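Novice: I have a structure I would like to understand better, so I am pasting it below and will then ask my questions one at a time.
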Amino acid sequence: MARELRKKNIVSVALTPGFLRSEAVLDHFGVSEANWKDAGKKDRANAGNQNDAGPDFLVSESPRYVGRAVVALAADPKVNKKTGRVFSSWALAKEYGFTDLDGTQPHWGNYARKKYGKYKICDEQFYSYWVPGLIEMIFPDWF
C-alpha cells in the first residue's frame, strides 16, 4: 500500500503497541486506569496465558501512548522517509520523546526480549531484504 500511495505523497506505516492497557484488559484484571498497578503486583501464575502475568502488566501502556505515537508521526515533517515500515510505540517514544499518561516510557520490546528471548525486529537490515522488491523489479513503472 505504501508503494502505491507514495506517488500521491501519502504516508502509510504500521504501528504496534506493546502490552496495551485497554478497557478490556483493565476489566480482565479487575482494575481501572487509576489503580492498574495494583493488578501488576499480583502474579496470576500466567493463568494459562503468558500475557496474564502481573509483572508483564506492569510494563503495559495506555491507549494514549500509541495515540501519542500517531501524533508524533503526523507532526514529523520528514515522516515520508518512514513510509512502508513497521514501528512500535516504544521505539517512537524514544525517538520523539513522548511519554505515557504517568510520565513513563514503557518499552515492551526490551522487557519481552529479556523475559521471552531474542526476536526479530524490523530494522534497516530487515528492510534491505525487501527493498527493492521483486514487484518493483518486474514492474518498475508501477511505482
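Chain identifiers are assigned as A, B, and so on, following the order in which chains appear in the C-alpha cells; residues are numbered from 1 within each chain, and ligands are numbered from 1 in order of appearance.
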Would you mind listing what lies within 12 Å of region 115-117 of chain A as a list in words, with only C-alpha atoms counted and same-chain residues fewer than 4 positions away left out?

Specialist: Gln50, Asn51, Ala53, Pro55, Asp56, Val59, Trp108, Gly109, Asn110 and Tyr111 of chain A

Novice: Would you mind exporting C-alpha atoms of the selected residues as a PDB file, in the first residue's frame?

Specialist:
ATOM      1  CA  GLN A  50       1.658 -15.659  29.185  1.00  0.00           C
ATOM      2  CA  ASN A  51       0.151 -12.180  28.899  1.00  0.00           C
ATOM      3  CA  ALA A  53       1.284 -12.374  34.347  1.00  0.00           C
ATOM      4  CA  PRO A  55       4.825  -8.431  36.116  1.00  0.00           C
ATOM      5  CA  ASP A  56       4.074  -8.269  32.371  1.00  0.00           C
ATOM      6  CA  VAL A  59       5.101  -2.820  31.539  1.00  0.00           C
ATOM      7  CA  TRP A 108       7.704  -3.655  25.786  1.00  0.00           C
ATOM      8  CA  GLY A 109      10.464  -4.604  23.335  1.00  0.00           C
ATOM      9  CA  ASN A 110      13.226  -4.569  25.947  1.00  0.00           C
ATOM     10  CA  TYR A 111      11.034  -6.297  28.503  1.00  0.00           C
TER      11      TYR A 111
END

Novice: List the neighbours of region 12-21 of chain A out to 9 Å using only C-alpha atoms; skip same-chain residues closer than 6 positions along the sequence, and give me the result as number ranges by chain.

Specialist: A: 1-3, 5-6, 33, 36, 51, 56-57, 59-63, 65-66, 69-70, 80, 82-90, 106-109

Novice: Go ahead and write the residues just picked, N, CA and C atoms, as a compact mmCIF listing (two decimals), in the first residue's frame.

Specialist:
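Saved result, part_21.txt, follows:
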# COMPACT_ATOMS: atom_id res chain seq x y z
N MET A 1 0.82 -1.18 0.00
CA MET A 1 0.00 0.00 0.00
C MET A 1 0.87 1.26 0.00
N ALA A 2 1.93 1.24 0.80
CA ALA A 2 2.79 2.42 0.87
C ALA A 2 3.41 2.74 -0.49
N ARG A 3 3.75 1.71 -1.22
CA ARG A 3 4.35 1.93 -2.54
C ARG A 3 3.35 2.56 -3.49
N LEU A 5 0.73 4.40 -2.62
CA LEU A 5 0.34 5.73 -2.14
C LEU A 5 1.47 6.75 -2.23
N ARG A 6 2.70 6.27 -2.37
CA ARG A 6 3.86 7.17 -2.43
C ARG A 6 3.71 8.20 -3.55
N GLU A 33 -7.91 2.52 35.28
CA GLU A 33 -6.67 3.24 34.96
C GLU A 33 -6.08 3.88 36.21
N TRP A 36 -4.39 0.60 38.20
CA TRP A 36 -3.95 -0.54 37.40
C TRP A 36 -2.68 -1.20 37.92
N ASN A 51 0.43 -13.60 28.73
CA ASN A 51 0.15 -12.18 28.90
C ASN A 51 -0.74 -11.90 30.09
N ASP A 56 4.21 -8.73 33.76
CA ASP A 56 4.07 -8.27 32.37
C ASP A 56 3.18 -7.03 32.31
N PHE A 57 2.11 -7.07 33.11
CA PHE A 57 1.15 -5.98 33.11
C PHE A 57 1.77 -4.66 33.58
N VAL A 59 4.43 -3.45 32.67
CA VAL A 59 5.10 -2.82 31.54
C VAL A 59 4.08 -2.43 30.47
N SER A 60 2.81 -2.49 30.81
CA SER A 60 1.76 -2.17 29.84
C SER A 60 1.73 -0.67 29.56
N GLU A 61 1.02 -0.34 28.50
CA GLU A 61 0.89 1.05 28.12
C GLU A 61 -0.57 1.39 27.86
N SER A 62 -0.92 2.64 28.10
CA SER A 62 -2.28 3.08 27.86
C SER A 62 -2.51 3.27 26.36
N PRO A 63 -3.76 3.26 25.93
CA PRO A 63 -4.04 3.55 24.51
C PRO A 63 -3.54 4.94 24.09
N TYR A 65 -0.72 6.22 24.78
CA TYR A 65 0.70 6.14 24.43
C TYR A 65 0.85 5.88 22.93
N VAL A 66 0.12 4.90 22.42
CA VAL A 66 0.19 4.64 20.98
C VAL A 66 -0.46 5.79 20.21
N ALA A 69 2.06 8.32 19.71
CA ALA A 69 2.96 7.91 18.63
C ALA A 69 2.39 8.37 17.28
N VAL A 70 1.08 8.22 17.12
CA VAL A 70 0.43 8.66 15.89
C VAL A 70 0.59 10.18 15.73
N ASN A 80 7.68 11.04 5.60
CA ASN A 80 7.65 10.29 4.35
C ASN A 80 8.81 9.31 4.23
N LYS A 82 9.58 7.30 6.46
CA LYS A 82 9.16 6.13 7.23
C LYS A 82 8.11 5.29 6.51
N THR A 83 7.63 5.76 5.38
CA THR A 83 6.53 5.06 4.71
C THR A 83 6.90 3.62 4.36
N GLY A 84 5.91 2.76 4.52
CA GLY A 84 6.09 1.34 4.20
C GLY A 84 6.78 0.54 5.28
N ARG A 85 6.91 1.08 6.46
CA ARG A 85 7.64 0.40 7.52
C ARG A 85 6.76 0.15 8.74
N VAL A 86 7.28 -0.67 9.63
CA VAL A 86 6.59 -1.03 10.86
C VAL A 86 7.30 -0.37 12.03
N PHE A 87 6.52 0.22 12.94
CA PHE A 87 7.09 0.90 14.10
C PHE A 87 6.37 0.45 15.36
N SER A 88 7.06 0.56 16.47
CA SER A 88 6.47 0.25 17.77
C SER A 88 6.30 1.55 18.55
N SER A 89 5.36 1.55 19.44
CA SER A 89 5.13 2.73 20.28
C SER A 89 6.38 3.05 21.09
N TRP A 90 7.04 2.03 21.62
CA TRP A 90 8.21 2.27 22.48
C TRP A 90 9.39 2.84 21.71
N PRO A 106 7.05 3.18 28.67
CA PRO A 106 7.09 1.72 28.70
C PRO A 106 7.75 1.18 27.43
N HIS A 107 8.64 0.22 27.60
CA HIS A 107 9.39 -0.33 26.46
C HIS A 107 9.16 -1.84 26.44
N TRP A 108 8.06 -2.24 25.84
CA TRP A 108 7.70 -3.65 25.79
C TRP A 108 8.78 -4.47 25.08
N GLY A 109 9.43 -3.89 24.08
CA GLY A 109 10.46 -4.60 23.34
C GLY A 109 11.60 -5.07 24.23

Novice: Compare A:Leu58, A:Tyr119, A:Glu95, A:Ala24 by their minimum atom-to-atom distance to Asp76 (chain A), counting only C-alpha atoms, and give me the closest one.

Specialist: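 Between A:Leu58, A:Tyr119, A:Glu95, A:Ala24, the residue approaching Asp76 (chain A) most closely is A:Glu95.
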
Novice: I'd like the interatomic distance between CA of Val31 (chain A) and CA of Ala72 (chain A), to a tenth of an Å.

Specialist: 29.1 Å

Novice: CA of Arg64 (chain A) to CA of Asp100 (chain A): how many Å, to one decimal?

Specialist: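 A separation of 6.8 Å between them.
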
Novice: Using the chain letters and numbers from this document, which residues of region 2-34 of chain A does DSSP assign to helix (DSSP H, G or I), as a VMD selection string?

Specialist: chain A and resid 2 to 6 23 to 29

Novice: Find the distance between CA of Leu73 (chain A) and CA of Gly97 (chain A) and write it in Å to one decimal.

Specialist: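 Between CA of Leu73 (chain A) and CA of Gly97 (chain A) the gap is 11.9 Å.
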
Novice: Point out the residue among A:Lys81, A:Lys120, A:Val71, A:Gly54 with the least atom-to-atom distance to Val11 (chain A), counting only C-alpha atoms.

Specialist: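 Distance minimum relative to Val11 (chain A) lands on A:Lys81.
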